[in-house]
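Structure data follow from data.cif (mmCIF, C-alpha atoms (C1' of nucleotides)):
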```cif
data_structure
#
loop_
_atom_site.group_PDB
_atom_site.id
_atom_site.type_symbol
_atom_site.label_atom_id
_atom_site.label_comp_id
_atom_site.auth_asym_id
_atom_site.auth_seq_id
_atom_site.Cartn_x
_atom_site.Cartn_y
_atom_site.Cartn_z
ATOM 1 C CA MET A 1 0.116 9.372 -26.242
ATOM 2 C CA GLY A 2 -3.383 10.329 -25.192
ATOM 3 C CA VAL A 3 -2.647 13.909 -26.112
ATOM 4 C CA PRO A 4 -5.197 16.458 -24.913
ATOM 5 C CA GLU A 5 -7.422 17.627 -27.742
ATOM 6 C CA LEU A 6 -10.646 19.600 -27.533
ATOM 7 C CA PRO A 7 -12.663 17.009 -25.545
ATOM 8 C CA GLU A 8 -9.856 16.471 -23.045
ATOM 9 C CA VAL A 9 -9.184 20.181 -22.545
ATOM 10 C CA GLU A 10 -12.896 20.918 -22.213
ATOM 11 C CA THR A 11 -13.242 18.143 -19.625
ATOM 12 C CA ILE A 12 -10.362 19.644 -17.642
ATOM 13 C CA ARG A 13 -11.910 23.103 -17.919
ATOM 14 C CA ALA A 14 -15.288 21.917 -16.683
ATOM 15 C CA ARG A 15 -13.748 20.125 -13.690
ATOM 16 C CA LEU A 16 -11.516 23.059 -12.760
ATOM 17 C CA GLU A 17 -14.127 25.762 -13.096
ATOM 18 C CA PRO A 18 -16.014 25.194 -9.811
ATOM 19 C CA LEU A 19 -12.719 24.695 -7.970
ATOM 20 C CA LEU A 20 -11.135 27.908 -9.253
ATOM 21 C CA LEU A 21 -13.927 30.454 -9.653
ATOM 22 C CA GLY A 22 -13.421 33.326 -7.218
ATOM 23 C CA ARG A 23 -10.210 31.795 -5.815
ATOM 24 C CA ARG A 24 -7.032 33.824 -5.451
ATOM 25 C CA PHE A 25 -3.549 32.597 -6.436
ATOM 26 C CA ASP A 26 -1.773 32.851 -3.082
ATOM 27 C CA ARG A 27 1.556 31.286 -3.975
ATOM 28 C CA VAL A 28 2.883 30.302 -7.388
ATOM 29 C CA THR A 29 5.962 28.143 -7.987
ATOM 30 C CA ILE A 30 7.247 27.532 -11.507
ATOM 31 C CA SER A 31 10.204 25.170 -11.732
ATOM 32 C CA ASP A 32 10.726 24.905 -15.486
ATOM 33 C CA GLU A 33 12.065 27.813 -17.501
ATOM 34 C CA ARG A 34 10.635 26.348 -20.716
ATOM 35 C CA LEU A 35 7.082 26.741 -19.421
ATOM 36 C CA THR A 36 7.044 30.536 -19.571
ATOM 37 C CA MET A 37 9.557 31.161 -22.344
ATOM 38 C CA PRO A 38 10.670 33.730 -23.298
ATOM 39 C CA PHE A 39 9.765 35.196 -19.900
ATOM 40 C CA PRO A 40 11.591 34.132 -16.736
ATOM 41 C CA PRO A 41 9.457 31.822 -14.565
ATOM 42 C CA GLU A 42 10.132 33.827 -11.408
ATOM 43 C CA SER A 43 8.676 37.022 -12.826
ATOM 44 C CA VAL A 44 5.611 35.254 -14.256
ATOM 45 C CA ALA A 45 5.067 33.549 -10.896
ATOM 46 C CA ALA A 46 5.391 36.869 -9.109
ATOM 47 C CA GLU A 47 2.841 38.513 -11.398
ATOM 48 C CA LEU A 48 0.380 35.649 -10.974
ATOM 49 C CA GLN A 49 0.539 35.889 -7.221
ATOM 50 C CA GLY A 50 -2.513 37.685 -5.799
ATOM 51 C CA GLN A 51 -4.580 37.370 -8.991
ATOM 52 C CA ARG A 52 -8.192 36.303 -8.481
ATOM 53 C CA ILE A 53 -9.959 34.049 -11.013
ATOM 54 C CA ALA A 54 -12.969 35.555 -12.771
ATOM 55 C CA SER A 55 -13.578 32.794 -15.311
ATOM 56 C CA VAL A 56 -12.206 29.497 -16.599
ATOM 57 C CA GLU A 57 -12.669 29.204 -20.356
ATOM 58 C CA ARG A 58 -11.420 27.194 -23.291
ATOM 59 C CA ARG A 59 -10.689 28.049 -26.905
ATOM 60 C CA GLY A 60 -9.432 25.253 -29.148
ATOM 61 C CA LYS A 61 -6.890 23.399 -27.037
ATOM 62 C CA TYR A 62 -6.092 26.460 -24.915
ATOM 63 C CA LEU A 63 -7.237 26.845 -21.324
ATOM 64 C CA ILE A 64 -8.014 30.460 -20.456
ATOM 65 C CA PHE A 65 -7.846 31.630 -16.850
ATOM 66 C CA ARG A 66 -9.286 35.127 -16.777
ATOM 67 C CA PHE A 67 -8.482 37.195 -13.697
ATOM 68 C CA GLU A 68 -10.456 40.012 -12.103
ATOM 69 C CA SER A 69 -7.574 42.289 -13.137
ATOM 70 C CA ARG A 70 -8.585 41.303 -16.718
ATOM 71 C CA ARG A 71 -5.179 39.814 -17.289
ATOM 72 C CA VAL A 72 -5.206 36.259 -18.629
ATOM 73 C CA LEU A 73 -3.214 33.095 -18.053
ATOM 74 C CA LEU A 74 -3.240 31.115 -21.292
ATOM 75 C CA ILE A 75 -2.277 27.457 -20.815
ATOM 76 C CA HIS A 76 -1.515 24.996 -23.602
ATOM 77 C CA LEU A 77 -0.948 21.398 -22.483
ATOM 78 C CA ARG A 78 0.588 20.312 -25.825
ATOM 79 C CA MET A 79 1.518 16.623 -25.577
ATOM 80 C CA THR A 80 1.815 15.571 -21.988
ATOM 81 C CA GLY A 81 0.623 18.469 -19.851
ATOM 82 C CA THR A 82 -1.903 17.691 -17.104
ATOM 83 C CA LEU A 83 -3.367 19.602 -14.177
ATOM 84 C CA GLN A 84 -4.155 18.135 -10.764
ATOM 85 C CA HIS A 85 -6.187 19.579 -7.938
ATOM 86 C CA ALA A 86 -5.709 18.484 -4.339
ATOM 87 C CA TYR A 87 -6.814 19.728 -0.924
ATOM 88 C CA ASP A 88 -4.662 20.410 2.129
ATOM 89 C CA GLY A 89 -1.221 19.614 0.783
ATOM 90 C CA THR A 90 -2.131 16.170 -0.505
ATOM 91 C CA LEU A 91 -0.614 16.784 -3.923
ATOM 92 C CA ALA A 92 1.594 13.715 -4.465
ATOM 93 C CA ASP A 93 5.312 14.172 -5.159
ATOM 94 C CA ASP A 94 6.010 14.088 -8.863
ATOM 95 C CA PRO A 95 9.341 14.289 -10.679
ATOM 96 C CA TYR A 96 7.527 15.777 -13.673
ATOM 97 C CA ARG A 97 5.797 18.574 -11.777
ATOM 98 C CA ARG A 98 6.623 21.908 -13.405
ATOM 99 C CA ALA A 99 4.444 24.300 -11.416
ATOM 100 C CA VAL A 100 2.190 24.537 -8.367
ATOM 101 C CA VAL A 101 -0.433 27.143 -7.534
ATOM 102 C CA ARG A 102 -1.587 27.400 -3.911
ATOM 103 C CA LEU A 103 -5.122 28.804 -3.801
ATOM 104 C CA ASP A 104 -6.611 30.931 -1.032
ATOM 105 C CA ASP A 105 -8.731 27.997 0.201
ATOM 106 C CA GLY A 106 -5.544 26.042 0.934
ATOM 107 C CA SER A 107 -5.891 23.687 -2.033
ATOM 108 C CA ASP A 108 -3.246 23.228 -4.717
ATOM 109 C CA VAL A 109 -3.300 23.090 -8.483
ATOM 110 C CA GLY A 110 -0.303 21.143 -9.777
ATOM 111 C CA TYR A 111 0.963 21.202 -13.336
ATOM 112 C CA ARG A 112 2.704 18.062 -14.622
ATOM 113 C CA ASP A 113 4.384 17.808 -18.010
ATOM 114 C CA VAL A 114 6.752 14.953 -18.898
ATOM 115 C CA ARG A 115 7.935 16.317 -22.247
ATOM 116 C CA ARG A 116 7.917 19.984 -21.357
ATOM 117 C CA PHE A 117 6.191 21.213 -24.510
ATOM 118 C CA GLY A 118 3.369 22.875 -22.592
ATOM 119 C CA THR A 119 3.219 26.647 -22.192
ATOM 120 C CA TRP A 120 1.931 29.169 -19.647
ATOM 121 C CA ARG A 121 1.587 32.647 -21.029
ATOM 122 C CA LEU A 122 0.429 35.664 -19.057
ATOM 123 C CA LEU A 123 -1.336 38.124 -21.349
ATOM 124 C CA GLU A 124 -2.536 41.674 -20.886
ATOM 125 C CA PRO A 125 -6.297 42.241 -21.384
ATOM 126 C CA ASP A 126 -5.975 43.471 -24.953
ATOM 127 C CA GLU A 127 -3.534 40.762 -26.023
ATOM 128 C CA LEU A 128 -5.782 37.698 -25.778
ATOM 129 C CA ASP A 129 -8.124 38.217 -28.722
ATOM 130 C CA PRO A 130 -5.417 38.966 -31.295
ATOM 131 C CA TYR A 131 -3.293 36.112 -29.957
ATOM 132 C CA LEU A 132 -6.100 33.601 -30.434
ATOM 133 C CA ALA A 133 -7.446 35.114 -33.656
ATOM 134 C CA LYS A 134 -4.065 34.704 -35.264
ATOM 135 C CA ARG A 135 -3.919 31.011 -34.412
ATOM 136 C CA LEU A 136 -7.433 29.601 -34.233
ATOM 137 C CA GLY A 137 -10.404 29.123 -36.531
ATOM 138 C CA GLU A 138 -13.986 28.259 -35.641
ATOM 139 C CA GLU A 139 -14.958 26.244 -32.569
ATOM 140 C CA PRO A 140 -16.147 22.963 -34.103
ATOM 141 C CA LEU A 141 -18.860 22.481 -31.465
ATOM 142 C CA GLY A 142 -20.009 26.078 -31.694
ATOM 143 C CA ARG A 143 -23.066 27.410 -33.525
ATOM 144 C CA ARG A 144 -21.108 29.165 -36.215
ATOM 145 C CA PHE A 145 -19.349 25.989 -37.332
ATOM 146 C CA THR A 146 -21.677 24.972 -40.144
ATOM 147 C CA ALA A 147 -21.018 22.722 -43.127
ATOM 148 C CA ALA A 148 -20.741 25.915 -45.186
ATOM 149 C CA ALA A 149 -18.161 27.329 -42.790
ATOM 150 C CA LEU A 150 -16.165 24.106 -43.053
ATOM 151 C CA ALA A 151 -16.415 24.162 -46.847
ATOM 152 C CA ALA A 152 -15.088 27.729 -46.875
ATOM 153 C CA ARG A 153 -12.011 26.582 -44.953
ATOM 154 C CA LEU A 154 -11.307 23.767 -47.409
ATOM 155 C CA VAL A 155 -11.927 25.469 -50.716
ATOM 156 C CA ASN A 156 -8.903 25.596 -53.028
ATOM 157 C CA ARG A 157 -6.677 23.895 -50.483
ATOM 158 C CA ARG A 158 -4.379 21.329 -52.039
ATOM 159 C CA THR A 159 -3.275 19.939 -48.718
ATOM 160 C CA PRO A 160 -4.501 16.464 -47.623
ATOM 161 C CA ILE A 161 -7.752 16.667 -45.678
ATOM 162 C CA LYS A 162 -5.960 15.161 -42.675
ATOM 163 C CA ALA A 163 -3.578 18.142 -42.631
ATOM 164 C CA ALA A 164 -6.481 20.574 -43.002
ATOM 165 C CA LEU A 165 -8.220 19.062 -39.968
ATOM 166 C CA LEU A 166 -5.041 19.417 -37.928
ATOM 167 C CA ASP A 167 -4.656 23.057 -38.972
ATOM 168 C CA GLN A 168 -5.941 24.971 -35.954
ATOM 169 C CA ARG A 169 -6.705 28.001 -38.113
ATOM 170 C CA ALA A 170 -9.169 25.937 -40.128
ATOM 171 C CA LEU A 171 -11.001 24.710 -37.048
ATOM 172 C CA ALA A 172 -9.805 24.813 -33.477
ATOM 173 C CA GLY A 173 -9.220 21.800 -31.294
ATOM 174 C CA MET A 174 -8.741 18.674 -33.402
ATOM 175 C CA GLY A 175 -5.606 16.614 -32.995
ATOM 176 C CA ASN A 176 -4.359 13.383 -34.471
ATOM 177 C CA ILE A 177 -6.825 11.067 -32.745
ATOM 178 C CA TYR A 178 -10.096 12.876 -33.387
ATOM 179 C CA ALA A 179 -9.040 13.751 -36.937
ATOM 180 C CA ASP A 180 -8.679 10.038 -37.722
ATOM 181 C CA GLU A 181 -11.950 9.270 -35.970
ATOM 182 C CA ALA A 182 -13.792 11.993 -37.893
ATOM 183 C CA LEU A 183 -12.403 10.871 -41.260
ATOM 184 C CA TRP A 184 -13.442 7.300 -40.552
ATOM 185 C CA ARG A 185 -16.962 8.415 -39.655
ATOM 186 C CA ALA A 186 -17.134 10.464 -42.842
ATOM 187 C CA ARG A 187 -15.690 7.620 -44.969
ATOM 188 C CA ILE A 188 -13.056 9.950 -46.399
ATOM 189 C CA HIS A 189 -9.497 8.886 -47.175
ATOM 190 C CA PRO A 190 -7.072 10.979 -45.085
ATOM 191 C CA ARG A 191 -4.927 11.792 -48.123
ATOM 192 C CA SER A 192 -7.792 13.234 -50.154
ATOM 193 C CA GLN A 193 -7.024 16.765 -51.241
ATOM 194 C CA ALA A 194 -9.162 19.139 -49.217
ATOM 195 C CA ARG A 195 -10.395 20.935 -52.336
ATOM 196 C CA SER A 196 -11.500 17.664 -53.930
ATOM 197 C CA LEU A 197 -14.252 17.114 -51.359
ATOM 198 C CA GLN A 198 -17.731 17.367 -52.844
ATOM 199 C CA PRO A 199 -20.507 19.205 -50.971
ATOM 200 C CA GLU A 200 -21.914 15.897 -49.764
ATOM 201 C CA ASP A 201 -18.451 14.844 -48.492
ATOM 202 C CA VAL A 202 -18.155 18.118 -46.596
ATOM 203 C CA ARG A 203 -21.591 17.642 -45.029
ATOM 204 C CA ARG A 204 -20.646 14.139 -43.862
ATOM 205 C CA LEU A 205 -17.309 15.405 -42.585
ATOM 206 C CA HIS A 206 -19.006 18.242 -40.712
ATOM 207 C CA ARG A 207 -21.328 15.798 -38.942
ATOM 208 C CA ALA A 208 -18.409 13.433 -38.354
ATOM 209 C CA ILE A 209 -16.228 16.106 -36.733
ATOM 210 C CA ARG A 210 -18.974 17.113 -34.337
ATOM 211 C CA GLY A 211 -19.918 13.520 -33.652
ATOM 212 C CA ALA A 212 -16.367 12.419 -32.861
ATOM 213 C CA LEU A 213 -15.714 15.422 -30.595
ATOM 214 C CA GLN A 214 -19.071 15.157 -28.820
ATOM 215 C CA THR A 215 -18.537 11.463 -28.167
ATOM 216 C CA GLY A 216 -15.121 12.250 -26.734
ATOM 217 C CA LEU A 217 -16.608 14.969 -24.578
ATOM 218 C CA ALA A 218 -19.390 12.709 -23.280
ATOM 219 C CA LEU A 219 -16.782 10.132 -22.279
ATOM 220 C CA GLN A 220 -14.515 12.690 -20.558
ATOM 221 C CA GLY A 221 -11.806 12.333 -23.180
ATOM 222 C CA SER A 222 -9.440 9.487 -23.996
ATOM 223 C CA THR A 223 -6.643 8.262 -21.754
ATOM 224 C CA LEU A 224 -3.823 6.324 -23.400
ATOM 225 C CA ARG A 225 -1.064 7.338 -21.049
ATOM 226 C CA ASP A 226 -0.809 10.841 -19.680
ATOM 227 C CA TYR A 227 -4.217 12.479 -19.842
ATOM 228 C CA ARG A 228 -6.204 12.621 -16.597
ATOM 229 C CA THR A 229 -8.923 14.889 -15.272
ATOM 230 C CA PRO A 230 -7.790 17.219 -12.464
ATOM 231 C CA ASP A 231 -8.956 14.660 -9.912
ATOM 232 C CA GLY A 232 -6.868 11.967 -11.537
ATOM 233 C CA GLU A 233 -9.597 10.041 -13.327
ATOM 234 C CA PRO A 234 -8.989 8.639 -16.810
ATOM 235 C CA GLY A 235 -11.412 9.260 -19.647
ATOM 236 C CA SER A 236 -13.071 6.364 -21.427
ATOM 237 C CA MET A 237 -13.153 7.463 -25.073
ATOM 238 C CA GLN A 238 -10.196 5.162 -25.788
ATOM 239 C CA HIS A 239 -12.612 2.225 -25.573
ATOM 240 C CA GLU A 240 -14.786 3.751 -28.277
ATOM 241 C CA PHE A 241 -12.186 4.467 -30.957
ATOM 242 C CA ARG A 242 -13.395 3.392 -34.406
ATOM 243 C CA VAL A 243 -9.969 3.453 -36.101
ATOM 244 C CA TYR A 244 -7.293 5.059 -33.979
ATOM 245 C CA GLY A 245 -4.841 2.418 -32.781
ATOM 246 C CA ARG A 246 -6.856 -0.396 -34.412
ATOM 247 C CA GLU A 247 -4.392 -1.280 -37.195
ATOM 248 C CA GLY A 248 -4.682 -4.900 -38.267
ATOM 249 C CA GLN A 249 -8.134 -5.262 -36.733
ATOM 250 C CA PRO A 250 -11.315 -5.436 -38.812
ATOM 251 C CA CYS A 251 -13.181 -2.250 -39.666
ATOM 252 C CA TYR A 252 -16.440 -2.054 -37.702
ATOM 253 C CA ARG A 253 -18.221 -1.025 -40.886
ATOM 254 C CA CYS A 254 -16.828 -3.211 -43.661
ATOM 255 C CA GLY A 255 -14.518 -5.750 -42.010
ATOM 256 C CA THR A 256 -11.391 -4.717 -43.928
ATOM 257 C CA ALA A 257 -8.213 -4.643 -41.829
ATOM 258 C CA ILE A 258 -7.442 -1.132 -40.560
ATOM 259 C CA GLU A 259 -4.115 0.189 -41.863
ATOM 260 C CA LYS A 260 -1.654 2.701 -40.516
ATOM 261 C CA ILE A 261 -0.031 5.076 -42.967
ATOM 262 C CA ARG A 262 1.584 8.494 -42.834
ATOM 263 C CA ALA A 263 -0.527 11.428 -43.890
ATOM 264 C CA ALA A 264 0.350 15.065 -43.332
ATOM 265 C CA GLY A 265 3.532 13.780 -41.653
ATOM 266 C CA ARG A 266 1.481 12.059 -38.938
ATOM 267 C CA GLY A 267 0.725 8.447 -38.128
ATOM 268 C CA THR A 268 -2.743 7.912 -39.535
ATOM 269 C CA SER A 269 -5.137 5.005 -39.024
ATOM 270 C CA TYR A 270 -7.824 4.440 -41.641
ATOM 271 C CA CYS A 271 -9.849 1.768 -43.358
ATOM 272 C CA PRO A 272 -8.685 1.090 -46.919
ATOM 273 C CA GLY A 273 -12.009 -0.631 -47.597
ATOM 274 C CA CYS A 274 -14.490 2.150 -46.979
ATOM 275 C CA GLN A 275 -12.496 5.380 -46.677
ATOM 276 C CA VAL A 276 -12.120 6.361 -50.302
ATOM 277 C CA GLU A 277 -10.285 9.206 -51.973
ATOM 278 C CA ALA A 278 -12.673 11.908 -53.090
ATOM 279 C CA ALA A 279 -12.506 12.782 -56.782
ATOM 280 C CA ALA A 280 -8.862 13.862 -56.277
ATOM 281 C CA GLN A 281 -7.232 11.635 -58.900
ATOM 282 C CA ALA A 282 -9.659 12.722 -61.590
ATOM 283 C CA SER A 283 -8.979 16.433 -61.136
ATOM 284 C CA GLY A 284 -5.355 16.262 -60.164
ATOM 285 C "C1'" DA B 1 1.137 32.415 -50.262
ATOM 286 C "C1'" DG B 2 0.407 27.894 -49.405
ATOM 287 C "C1'" DG B 3 2.519 23.577 -48.415
ATOM 288 C "C1'" DT B 4 6.225 20.805 -46.244
ATOM 289 C "C1'" DG B 5 9.616 19.190 -43.093
ATOM 290 C "C1'" DG B 6 12.623 19.849 -39.164
ATOM 291 C "C1'" DA B 7 13.128 21.281 -34.293
ATOM 292 C "C1'" DC B 8 11.711 21.058 -29.760
ATOM 293 C "C1'" DC B 9 11.487 16.971 -25.679
ATOM 294 C "C1'" DC B 10 11.817 12.538 -23.496
ATOM 295 C "C1'" DG B 11 9.851 7.925 -22.332
ATOM 296 C "C1'" DA B 12 8.676 3.801 -24.683
ATOM 297 C "C1'" DA B 13 9.373 0.548 -27.995
ATOM 298 C "C1'" DC B 14 12.338 -1.526 -30.899
ATOM 299 C "C1'" DG B 15 16.803 -3.671 -32.876
ATOM 300 C "C1'" DC B 16 21.061 -5.853 -32.340
ATOM 301 C "C1'" DT C 1 21.155 -8.102 -20.512
ATOM 302 C "C1'" DG C 2 22.251 -3.916 -22.123
ATOM 303 C "C1'" DC C 3 23.102 -0.789 -25.009
ATOM 304 C "C1'" DG C 4 21.912 2.478 -28.976
ATOM 305 C "C1'" DT C 5 18.306 4.064 -32.165
ATOM 306 C "C1'" DT C 6 13.815 5.368 -33.611
ATOM 307 C "C1'" DC C 7 9.344 7.094 -32.879
ATOM 308 C "C1'" DG C 8 5.574 10.274 -31.871
ATOM 309 C "C1'" DG C 9 2.810 14.263 -31.059
ATOM 310 C "C1'" DG C 10 1.250 20.058 -31.330
ATOM 311 C "C1'" DT C 11 3.009 24.025 -32.729
ATOM 312 C "C1'" DC C 12 6.331 27.154 -34.576
ATOM 313 C "C1'" DC C 13 9.530 28.392 -38.012
ATOM 314 C "C1'" DA C 14 12.541 28.191 -41.968
ATOM 315 C "C1'" DC C 15 12.442 26.961 -46.427
ATOM 316 C "C1'" DC C 16 10.649 26.123 -51.076
#
```
The structure in this file should be written as structure tokens.
Amino acid sequence: MGVPELPEVETIRARLEPLLLGRRFDRVTISDERLTMPFPPESVAAELQGQRIASVERRGKYLIFRFESRRVLLIHLRMTGTLQHAYDGTLADDPYRRAVVRLDDGSDVGYRDVRRFGTWRLLEPDELDPYLAKRLGEEPLGRRFTAAALAARLVNRRTPIKAALLDQRALAGMGNIYADEALWRARIHPRSQARSLQPEDVRRLHRAIRGALQTGLALQGSTLRDYRTPDGEPGSMQHEFRVYGREGQPCYRCGTAIEKIRAAGRGTSYCPGCQVEAAAQASG
DNA sequence: AGGTGGACCCGAACGC
DNA sequence: TGCGTTCGGGTCCACC
């Protein structure tokens, strides 16, 4: 719970950036063979050692550590991955720690992951772009993500709009929480077929996606259980959820009790009063 | 080809 | 109380 989506990953990136820029990886310990699969953790650790950070970027839910060698460490936190930063050996013991990086200023970056879904992948300079291009669509907070761009990703798709929003190739960075929040803002039923959305629905959804993500970003993400910034602080977006986790409580817009259903194989919170199916039934 | 459902993992929540 | 079972979440992959 409290899975890192775009706002959480971007918050982590922004906090790490000043701590990591120009720093060298002096010692790297990886204690979970799943983290670097299919490559052995010892060899990845050995290759990371001595690398100096040139930039700390994000794309979708991926963290991108670019080194001066132009090689790249691509980190995906998946469900329960978190990063901590601590000075002078003050990193607390943690049974769920999977990796530690000692930087050349004596501070440590710890990687914690209870469920071990997270991944660290070391890529050669020319591997990053194709790797990301294959998996990710537009950045939803970027300039090129327009209502028209969103419409182009939804046209002719028979899948429920909830599934389309979770498809990282359609747009990069939404997960279960912000997808529900965006659909509530747009007053669209999560099971509406993507292709049934009218131009006005798509415009509302476009605004809703950006609004939900920007709110999350402004509040440093949402903390339900695992997510923390690298200095251990929780986000506060969880206090601002409009639908997620509010089942049984009245909709802030129309007062109807929020319901939880399954859509796209995921637990989905929505308001049956004001989130209506787009013309789907008529055309289908 | 596009859509769907299971696998991966493990703590929490639930049921008896 | 204490056990066993179910659930969930992002992504990949096998299947239809």
Legend entry - Residues matched by the PyMOL selection byres ((chain A) within 7 of (chain B)), written as an NGL selection string: :A and (115-117 or 159)
Could you save the residues just selected, with C-alpha atoms, as a JSON list (two decimals), in the coordinates of the input?
```json
[["chain", "number", "residue", "atom", "x", "y", "z"],
["A", 115, "ARG", "CA", 7.94, 16.32, -22.25],
["A", 116, "ARG", "CA", 7.92, 19.98, -21.36],
["A", 117, "PHE", "CA", 6.19, 21.21, -24.51],
["A", 159, "THR", "CA", -3.28, 19.94, -48.72]]
```
Legend entry - Selected residue of minimal separation from chain C among A:Phe39, A:Tyr87, A:Phe241, A:Tyr62, counting all atoms listed in the file: A:Tyr62
Inset, instruction - Would you kindly report the residues of chain C within 10 Å of chain A, using only C-alpha atoms (C1' of nucleotides), as a PyMOL selection string? - result: chain C and resi 8-11
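Picked by the PyMOL selection byres ((chain A and resi 275) around 9) from the coordinates shown: Leu183, Trp184, Arg185, Ala186, Arg187, Ile188, His189, Pro190, Tyr270, Cys271, Pro272, Gly273, Cys274, Val276 and Glu277 of chain A.
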Those same residues, written as a PDB file, in the frame of the given file with C-alpha atoms?
```
ATOM      1  CA  LEU A 183     -12.403  10.871 -41.260  1.00  0.00           C
ATOM      2  CA  TRP A 184     -13.442   7.300 -40.552  1.00  0.00           C
ATOM      3  CA  ARG A 185     -16.962   8.415 -39.655  1.00  0.00           C
ATOM      4  CA  ALA A 186     -17.134  10.464 -42.842  1.00  0.00           C
ATOM      5  CA  ARG A 187     -15.690   7.620 -44.969  1.00  0.00           C
ATOM      6  CA  ILE A 188     -13.056   9.950 -46.399  1.00  0.00           C
ATOM      7  CA  HIS A 189      -9.497   8.886 -47.175  1.00  0.00           C
ATOM      8  CA  PRO A 190      -7.072  10.979 -45.085  1.00  0.00           C
ATOM      9  CA  TYR A 270      -7.824   4.440 -41.641  1.00  0.00           C
ATOM     10  CA  CYS A 271      -9.849   1.768 -43.358  1.00  0.00           C
ATOM     11  CA  PRO A 272      -8.685   1.090 -46.919  1.00  0.00           C
ATOM     12  CA  GLY A 273     -12.009  -0.631 -47.597  1.00  0.00           C
ATOM     13  CA  CYS A 274     -14.490   2.150 -46.979  1.00  0.00           C
ATOM     14  CA  VAL A 276     -12.120   6.361 -50.302  1.00  0.00           C
ATOM     15  CA  GLU A 277     -10.285   9.206 -51.973  1.00  0.00           C
TER      16      GLU A 277
END
```
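Pairwise distance (CA of Gln49 in chain A, CA of Arg112 in chain A) equals 19.4 Å.
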Legend entry - Distance in Å - CA of Thr215 in chain A versus CA of Pro140 in chain A: 13.2 Å
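What separates CA of Tyr227 in chain A from CA of Glu57 in chain A is a distance of 18.7 Å.
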Legend entry - Residues matched by the PyMOL selection byres ((chain A and resi 132) around 12) as a PyMOL selection string: chain A and resi 58-64+74+76+123+126-131+133-139+168-169+172
Inset, instruction - Identify, on the basis of all atoms listed in the file, every residue whose closest approach to Arg71 in chain A does not exceed 7 Å; exclude the query and any residue fewer than 5 positions from it along the same chain; express the result as number ranges by chain. - result: A: 66, 123-125
Report the centre and edge lengths, in Å to one decimal, of an axis-aligned box enclosing every atom of range 4-8 of chain C listed in the file, padded by 3 Å on each side, as lines of an AutoDock Vina configuration file.
```
center_x = 13.7
center_y = 6.4
center_z = -31.3
size_x = 22.3
size_y = 13.8
size_z = 10.6
```
